[in-house]
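Peer 1: Can you read through this structure? Questions will come right after.
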Amino acid sequence: MRLKATNIEHFYGHEKILHGIDLEIEPSKITAIIGESGSGKTTLLAILSSLLKPTNGDVYYDDISENSIKDINAFRRKNIGFVFQFHYLIEYLTLKENIALGAFDEHNINTLMENLGIGHLANRYSNEVSGGERQRAAIARALVNKPSFVFADEPTGNLDTKNAVGVFELFKSFNDTTFVVATHDKKIIDYADVIIEMEDGVVKCISKKRV
Amino acid sequence: MITPLKALRKNWFKTLLIFISMTVSISAIFLISAISSGVVGMYSTMLKTDGDIIVTQKGIADTFFSDINRSLEPKIINLAGVKELNSMIFGASPVDNLPIVAIYGVSANRLDNYKLISGIYPKNDEVLVGEKIYKMLNSPKKIKISKQEFKVSGVFKSKIGFEDGGVVMGLNDASKIFHKNASMMLISLEDIEAKDMVEKINNLSDDIEAKTTDNFIDNYNQFKIIKTSSDIISALAFLMGILGIISMMSMVVNDRKVEFGVMRSVGLSSTAIISRLIAEAIIISLFAYIAAIALSYIVLEVIQNIQKFQGYINGEITPQLAILVFVISIIMAIFGSLLPAIWASRIDPMSLILGGSK
Ligand SMILES: Nc1ncnc2c1ncn2[C@@H]1O[C@H](COP(=O)(O)OP(=O)(O)OP(=O)(O)O)[C@@H](O)[C@H]1O
Ligand SMILES: [Mg+2]
C-alpha cells in the first residue's frame with residue numbers, strides 16, 4: 001500500500017508545529033525519520049498513521065484520502081500498527097492480553113513474543129517487566145495483524161544494541177509491511193532504505209540508500 | 001467479562017464512588033416507592049375490606065371533611081342489590097398526650113371487623129383502642145378525646161398501621177365529637193354491577209357522591225398527591241443517579257484517556273469501546289442494586305419499628321417494584337456511561353494519548 005501526504009500543517013493550539021509537509025513513503029521499505037527533539041517527528045507519525053487529524057492537508061492510502069475512509073477504526077485495525085514512544089501498555093492487562101487487544105488471530109501471538117524474546121512473560125503485567133520488555137510487547141502489539149504499515153516512534157529507545165538489532169531484523173522479515181520509524185539511533189539508521197530528516201516542522205532532506 | 005472486572009479493580013476508588021452514588025439513588029427510589037405504596041396500600045385495604053361502593057359528600061377534597069346525612073340510609077338499603085350498608089365517621093383528634101390519632105366511628109354491626117385481643121366491644125361512652133396506641137399510652141383504663149373521657153372496653157389488633165394506631169368507637173359518640181352525621185357510607189352489593197348501583201345512588205341526592213371503591217381509590221386526592229410526589233422524588237433520584245454516573249464516568253474516562261487512545265489506535269471500534277465502558281457501569285449497577293435492596297430492607301424494618309410513627313409508615317419491596325427498579329438501575333448505568341463513552345470513542349487517538357500523558 002502506498003502512502004502519500006500533501007501539504008500537511010499542524011497546530012497545537014496557536015503554535016504551528018508542522019509547516020506544510022509533502023511526502024511519499026515507499027511501500028514495503030523501512031523509512032527512518034530523524035531530527036532533533038521537538039522537530040515534529042511524533043506529530044508527523046501520528047498524522048501519517050491516521051491517529052491524528054492534521055489541521056490542514058491530506059493523507060492518502062493508495063490514493064484514497066483518509067477523510068473518505070468510512071470505517072477508520074476497521075481500516076486501522078487491518079492496516080496500521082503503531083509503536084508509541086512511551087509503550088503505553090494497559091496496566092490491568094497482561095502482556096499477552098495487551099498484544100491481543102486488536103488481534104484478528106491470537107494464534108501467532110506466542111511465536112511473535114518468542115521472536116521478540118518475551119515469550120516467557122506472556123502472563124506478566126506491564127509493571128512486572130522491564131522497560132525494554134514493555135517496549136518489545138508494544139512492538140508485538142503493532143505487528144500482530146501483519147499490517148500494511150507499522151509506524152514506530154523511537155522503538156529501540158529502551159533497548160540495548162543486541163535487542164535493537166533483533167527488532168530491526170524482525171522488521172526486515174515482514175516483507176510486505178512498510179515501516180516508518182522515528183529514531184535517533186545511529187545503528188538503526190543503517191537499516192533504513194530511506195531517511196527523512198526533519199528540522200523545525202519541515203522536511204530538510206530525503207536520502208535514499210543506493211543498492 | 002473478566003476484563004471489565006480487572007479495569008474496575010484497577011480504578012477501585014472511582015469504582016467505589018460510583019457504586020456508592022448508585023446505591024444511594026437506587027435506595028432512594030426503593031424507599032420512597034415502597035413507603036408511598038405502603039401508605040396507599042394500607043388505606044386501600046382498609047376501604048376494600050368492607051364495601052364495593054363508597055359514598056361521600058359531593059366534591060369533597062378529603063374524607064376528613066366529608067359530612068353526609070344518615071337519613072339517606074333507608075333509601076339506599078331499599079335499593080335492590082344492596083347487601084349491607086355501614087356508615088362511618090373518619091376523623092382525627094388528640095388523644096391524651098398524643099397530638100393526633102385516627103378515630104373511627106362505626107356502626108355496631110361493623111365492630112366485629114376489629115379483632116379483639118382483650119376486653120369486649122364498646123358500648124356508649126366506651127372505646128376500643130388499637131394495640132399500638134394501647135402500648136404507647138401504657139395500657140390505659142380511660143382515655144381523653146377532645147375533652148371527653150371514654151372507658152377503654154377492649155384492645156384490637158390490625159395489620160393496617162392506621163388502624164392499629166387508632167381508636168374505634170360507636171357512630172353516635174363519634175358523631176358528637178366531630179359534629180357530623182357520618183363521613184362516608186360503605187356499601188356492599190350482591191349480584192349487581194357496582195357501576196349501575198353507583199348511578200342509582202347518585203340519583204337519590206345532590207349532596208352525595210357515590211363511587212366504586214376502586215374508582216374512589218384511584219381518584220382519591222391524597223393518594224394522587226402521595227403517588228405524584230413519590231414519582232417526582234423517584235424521578236429526581238433517578239436523575240441524580242444518572243448525573244452522578246455521567247460526572248464520575250467522565251472522570252474515569254479522563255483518567256483513562258491513554259488507555260482508550262491505545263484501544264482506538266489498535267483499531268477497536270467505537271462500539272467496542274462504548275460497550276466496554278457500559279459493561280463496567282452495568283457491573284457496578286448490579287452490585288449497587290443488591291446493596292440498595294439490602295439497605296432498603298434494613299431502613300424499612302427500622303422505620304416500621306420506630307414507635308413515633310405509630311405504624312403509619314409501612315413499606316414493602318414487592319417483586320414488581322424490585323423488577324422495575326432493576327430495570328431503572330440498568331438504564332441508569334447505560335445512559336450514565338453513554339455520553340463519556342461516546343466522547344472517548346470520537347476524539348483522535350493521538351489527542352487522547354497526548355492529552356492523557358501530560
Ligand atoms: N499535545 C501537545 N500540545 C502542545 N504542543 C505539543 C504537543 N505535543 C507536542 N507538542 C510540541 O510540538 C513540537 C513537536 O513535538 P513532537 O512530539 O512531534 O516532537 P518530536 O520530534 O517527536 O520530539 P522528540 O524527539 O523529543 O520525541 C514540540 O515543540 C512539542 O513541544
Ligand atoms: Mg517524539
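If you're wondering about the labels, chains in the C-alpha cells are A, B, ... by order shown, residues count from 1 in each chain, ligands from 1 in order shown.
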Please produce, as a tab-separated table, a per-residue contact table for chain B versus chain A (criterion: any atom at most 9 Å away, only C-alpha atoms considered), showing the nearest atom pair and its distance in Å to one decimal, sorted by chain then residue number.
Peer 2:
```
residue	atom	partner	partner_atom	distance
B:Thr3	CA	A:Leu93	CA	7.8
B:Lys6	CA	A:Tyr92	CA	6.0
B:Ala7	CA	A:Tyr92	CA	6.2
B:Arg9	CA	A:Tyr92	CA	8.5
B:Lys10	CA	A:Tyr92	CA	6.3
B:Val258	CA	A:Tyr88	CA	7.2
B:Glu259	CA	A:Ile90	CA	6.0
B:Gly261	CA	A:Leu51	CA	8.8
B:Val262	CA	A:Tyr88	CA	7.1
B:Met263	CA	A:Leu101	CA	7.3
B:Arg264	CA	A:Asn73	CA	6.8
B:Ser265	CA	A:Leu51	CA	6.5
B:Val266	CA	A:Gly102	CA	5.3
B:Gly267	CA	A:Arg77	CA	3.9
B:Leu268	CA	A:Gly102	CA	6.1
B:Ser269	CA	A:Asn73	CA	5.5
B:Ser270	CA	A:Asn73	CA	7.7
B:Asp348	CA	A:Leu52	CA	5.5
B:Pro349	CA	A:Leu51	CA	5.2
B:Met350	CA	A:Leu51	CA	5.2
B:Ser351	CA	A:Leu52	CA	6.7
B:Ile353	CA	A:Tyr88	CA	8.8
```
Peer 1: Quick one: residues within 9 Å of Leu79 in chain B, only C-alpha atoms counted, chain neighbours fewer than 4 positions away excluded, as a short mmCIF file (atom, residue, chain, number, x, y, z; two decimals) with N, CA, C and O atoms, in the first residue's frame?
Peer 2:
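Wrote it out as part.cif, contents follow:
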```cif
data_model
loop_
_atom_site.label_atom_id
_atom_site.label_comp_id
_atom_site.auth_asym_id
_atom_site.auth_seq_id
_atom_site.Cartn_x
_atom_site.Cartn_y
_atom_site.Cartn_z
N PRO B 74 -81.95 4.53 54.77
CA PRO B 74 -83.05 3.61 54.41
C PRO B 74 -83.28 3.56 52.91
O PRO B 74 -83.51 2.50 52.34
N LYS B 75 -83.19 4.74 52.27
CA LYS B 75 -83.42 4.77 50.82
C LYS B 75 -82.43 3.88 50.08
O LYS B 75 -82.79 3.18 49.15
N MET B 197 -75.16 0.48 40.22
CA MET B 197 -75.64 0.90 41.53
C MET B 197 -75.18 2.31 41.85
O MET B 197 -75.93 3.11 42.41
N LYS B 200 -77.59 4.73 40.46
CA LYS B 200 -78.85 4.80 41.22
C LYS B 200 -78.68 5.61 42.49
O LYS B 200 -79.54 6.42 42.85
N ILE B 201 -77.57 5.37 43.20
CA ILE B 201 -77.37 6.08 44.46
C ILE B 201 -77.18 7.58 44.20
O ILE B 201 -77.76 8.41 44.88
#
```
Peer 1: Based on the backbone DSSP call, show me all residues of chain A assigned helix (DSSP H, G or I), as a ChimeraX atom specification.
Peer 2: /A:41-48,66-68,72-79,95-100,106-115,119-121,126-128,131-143,161-173,186-189
Peer 1: Give the strand (DSSP E or B) residues of range 69-209 of chain A, as DSSP finds them on the backbone, and put them as a compact mmCIF listing (two decimals) with C-alpha atoms, in the first residue's frame.
Peer 2:
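Written file, out_10.txt:
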```
# COMPACT_ATOMS: atom_id res chain seq x y z
CA ILE A 80 -1.85 0.09 10.70
CA GLY A 81 0.34 -0.72 13.65
CA PHE A 82 1.72 1.95 15.92
CA VAL A 83 4.54 1.71 18.43
CA THR A 94 -1.16 -8.98 30.84
CA TYR A 125 1.58 -7.32 33.83
CA PHE A 149 2.11 -0.09 7.79
CA VAL A 150 3.96 -0.02 11.04
CA PHE A 151 4.74 3.38 12.50
CA ALA A 152 7.25 3.18 15.28
CA ASP A 153 8.23 6.11 17.44
CA THR A 178 6.01 -0.62 5.20
CA PHE A 179 7.89 0.64 8.26
CA VAL A 180 8.12 4.30 9.19
CA VAL A 181 10.40 4.72 12.16
CA ALA A 182 11.27 7.86 14.07
CA VAL A 194 15.01 5.88 3.07
CA ILE A 195 15.96 8.60 5.53
CA ILE A 196 13.80 11.67 6.07
CA GLU A 197 15.41 14.42 8.06
CA MET A 198 13.21 16.92 9.81
CA GLU A 199 14.02 20.32 11.19
CA VAL A 202 9.72 20.91 7.80
CA VAL A 203 11.40 18.12 5.85
CA LYS A 204 15.00 19.19 5.44
CA CYS A 205 16.12 16.40 3.15
CA ILE A 206 15.23 12.94 1.95
CA SER A 207 18.01 10.49 1.17
CA LYS A 208 17.67 7.04 -0.33
```
Peer 1: Hey, which residues sit close to ligand 1? Say within 6 Å, counting only C-alpha atoms and all ligand atoms, and write them as number ranges by chain.
Peer 2: A: 12, 17, 36-43; B: 354
Peer 1: Give me, please, the distance in Å between CA of Phe11 in chain A and CA of Lys70 in chain A, quoted to one decimal.
Peer 2: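 According to the coordinates, CA of Phe11 in chain A and CA of Lys70 in chain A are separated by 25.0 Å.
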Peer 1: Out of A:His14, A:His184, A:His19, A:Lys172, which residue has the shortest atom-to-atom distance to ligand 2 when counting only C-alpha atoms and all ligand atoms?
Peer 2: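 Closest residue, counting only C-alpha atoms and all ligand atoms: A:His184.
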Peer 1: Restricting the calculation to only C-alpha atoms and all ligand atoms, which member of A:Glu106, A:Glu154, A:Asp200, A:Asp176 is positioned closest to ligand 2?
Peer 2: A:Glu154
Peer 1: Pick out the residues sitting within 12 Å of Glu199 in chain B, and hand them over as a VMD selection string; count only C-alpha atoms, and ignore anything fewer than 3 positions along from it in its own chain.
Peer 2: chain B and resid 53 55 76 79 193 to 196 202 to 205 208 to 212
Peer 1: Please provide as number ranges by chain all residues within 9 Å of Ile189 in chain A, with the sequence filter that same-chain residues fewer than 3 positions apart are discarded (counting only C-alpha atoms).
Peer 2: A: 31-34, 183-186, 192-195
Peer 1: Selection from above, N, CA, C and O atoms, as a PDB file, in the first residue's frame, can you write it?
Peer 2:
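out09.pdb, written as the output of this step:
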```
ATOM      1  N   THR A  31      11.487   3.271   6.293  1.00  0.00           N
ATOM      2  CA  THR A  31      11.809   4.692   6.210  1.00  0.00           C
ATOM      3  C   THR A  31      12.121   5.196   7.607  1.00  0.00           C
ATOM      4  O   THR A  31      11.340   4.949   8.535  1.00  0.00           O
ATOM      5  N   ALA A  32      13.241   5.855   7.760  1.00  0.00           N
ATOM      6  CA  ALA A  32      13.572   6.419   9.069  1.00  0.00           C
ATOM      7  C   ALA A  32      13.309   7.914   9.033  1.00  0.00           C
ATOM      8  O   ALA A  32      13.615   8.585   8.059  1.00  0.00           O
ATOM      9  N   ILE A  33      12.700   8.416  10.106  1.00  0.00           N
ATOM     10  CA  ILE A  33      12.534   9.860  10.237  1.00  0.00           C
ATOM     11  C   ILE A  33      13.452  10.306  11.364  1.00  0.00           C
ATOM     12  O   ILE A  33      13.355   9.808  12.492  1.00  0.00           O
ATOM     13  N   ILE A  34      14.389  11.172  11.019  1.00  0.00           N
ATOM     14  CA  ILE A  34      15.308  11.644  12.052  1.00  0.00           C
ATOM     15  C   ILE A  34      15.150  13.147  12.221  1.00  0.00           C
ATOM     16  O   ILE A  34      14.525  13.811  11.387  1.00  0.00           O
ATOM     17  N   THR A 183      13.578   7.895  14.811  1.00  0.00           N
ATOM     18  CA  THR A 183      14.668   7.399  15.664  1.00  0.00           C
ATOM     19  C   THR A 183      15.847   8.357  15.750  1.00  0.00           C
ATOM     20  O   THR A 183      16.066   9.211  14.881  1.00  0.00           O
ATOM     21  N   HIS A 184      16.566   8.231  16.833  1.00  0.00           N
ATOM     22  CA  HIS A 184      17.846   8.921  16.998  1.00  0.00           C
ATOM     23  C   HIS A 184      18.992   7.935  16.790  1.00  0.00           C
ATOM     24  O   HIS A 184      20.128   8.311  16.653  1.00  0.00           O
ATOM     25  N   ASP A 185      18.623   6.660  16.836  1.00  0.00           N
ATOM     26  CA  ASP A 185      19.601   5.585  16.965  1.00  0.00           C
ATOM     27  C   ASP A 185      20.413   5.405  15.673  1.00  0.00           C
ATOM     28  O   ASP A 185      19.905   4.974  14.645  1.00  0.00           O
ATOM     29  N   LYS A 186      21.710   5.794  15.726  1.00  0.00           N
ATOM     30  CA  LYS A 186      22.568   5.761  14.526  1.00  0.00           C
ATOM     31  C   LYS A 186      22.660   4.367  13.915  1.00  0.00           C
ATOM     32  O   LYS A 186      22.599   4.195  12.706  1.00  0.00           O
ATOM     33  N   ALA A 192      17.678   1.485   7.482  1.00  0.00           N
ATOM     34  CA  ALA A 192      16.641   2.170   6.722  1.00  0.00           C
ATOM     35  C   ALA A 192      16.963   2.231   5.244  1.00  0.00           C
ATOM     36  O   ALA A 192      18.118   2.356   4.847  1.00  0.00           O
ATOM     37  N   ASP A 193      15.909   2.122   4.428  1.00  0.00           N
ATOM     38  CA  ASP A 193      16.083   2.267   2.982  1.00  0.00           C
ATOM     39  C   ASP A 193      16.014   3.732   2.593  1.00  0.00           C
ATOM     40  O   ASP A 193      16.627   4.169   1.635  1.00  0.00           O
ATOM     41  N   VAL A 194      15.185   4.459   3.361  1.00  0.00           N
ATOM     42  CA  VAL A 194      15.009   5.881   3.067  1.00  0.00           C
ATOM     43  C   VAL A 194      15.156   6.647   4.376  1.00  0.00           C
ATOM     44  O   VAL A 194      14.705   6.174   5.426  1.00  0.00           O
ATOM     45  N   ILE A 195      15.822   7.793   4.318  1.00  0.00           N
ATOM     46  CA  ILE A 195      15.957   8.597   5.527  1.00  0.00           C
ATOM     47  C   ILE A 195      15.366   9.974   5.284  1.00  0.00           C
ATOM     48  O   ILE A 195      15.706  10.664   4.318  1.00  0.00           O
TER      49      ILE A 195
END
```
Peer 1: Name the closest residue to ligand 2 among the candidates A:Gly132, A:Gly119, A:Gly166, A:Gly35; distances are taken between atoms, counting only C-alpha atoms and all ligand atoms.
Peer 2: A:Gly35
Peer 1: Using only C-alpha atoms and all ligand atoms, pick whichever of A:Thr6, A:Leu95, A:Pro155, A:Ser28 has the shortest atom-to-atom distance to ligand 2.
Peer 2: A:Pro155
Peer 1: May I ask for the distance between CA of Leu116 in chain A and CA of Ser173 in chain A, given in Å to one decimal place?
Peer 2: 12.5 Å
Peer 1: Counting only C-alpha atoms, which of B:Lys144, B:Lys115, B:Lys135, B:Lys83 gets nearest to Ser158 in chain B?
Peer 2: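 Among the listed residues, the smallest separation from Ser158 in chain B belongs to B:Lys115.
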Peer 1: Just the residues within 12 Å of range 292-307 of chain B, please, counting only C-alpha atoms, with nothing from its chain fewer than 2 positions along; format it as a ChimeraX atom specification.
Peer 2: /B:19-36,38-39,132-137,160-161,165,284-290,309-319,321-323,325-326,329
Peer 1: Tell me which protein, DNA and RNA residues are within 10 Å of Gln222 in chain B, counting only C-alpha atoms, leaving out same-chain ones fewer than 6 positions away, and put them as a PDB file with N, CA and C atoms, in the first residue's frame.
Peer 2:
```
ATOM      1  N   VAL B  40     -50.499   4.035  50.721  1.00  0.00           N
ATOM      2  CA  VAL B  40     -51.687   3.914  49.887  1.00  0.00           C
ATOM      3  C   VAL B  40     -52.299   2.524  50.027  1.00  0.00           C
ATOM      4  N   ALA B  61     -62.645  17.372  49.147  1.00  0.00           N
ATOM      5  CA  ALA B  61     -61.240  17.114  48.808  1.00  0.00           C
ATOM      6  C   ALA B  61     -60.687  15.947  49.616  1.00  0.00           C
ATOM      7  N   ASP B  62     -61.207  15.730  50.793  1.00  0.00           N
ATOM      8  CA  ASP B  62     -60.649  14.703  51.652  1.00  0.00           C
ATOM      9  C   ASP B  62     -61.749  14.119  52.522  1.00  0.00           C
ATOM     10  N   THR B  63     -61.703  12.844  52.761  1.00  0.00           N
ATOM     11  CA  THR B  63     -62.753  12.204  53.567  1.00  0.00           C
ATOM     12  C   THR B  63     -62.850  12.806  54.964  1.00  0.00           C
ATOM     13  N   THR B 228     -47.943  11.067  43.279  1.00  0.00           N
ATOM     14  CA  THR B 228     -47.221  12.008  42.418  1.00  0.00           C
ATOM     15  C   THR B 228     -45.925  12.460  43.075  1.00  0.00           C
TER      16      THR B 228
END
```
Peer 1: Rank nothing, just name the residue among A:Ile8, A:Leu44, A:Lys96, A:Phe171 nearest to ligand 2, using only C-alpha atoms and all ligand atoms.
Peer 2: A:Leu44
Peer 1: Tell me which protein, DNA and RNA residues are within 12 Å of Lys176 in chain B, counting only C-alpha atoms, leaving out same-chain ones fewer than 4 positions away, and put them as a count of residues only.
Peer 2: 16
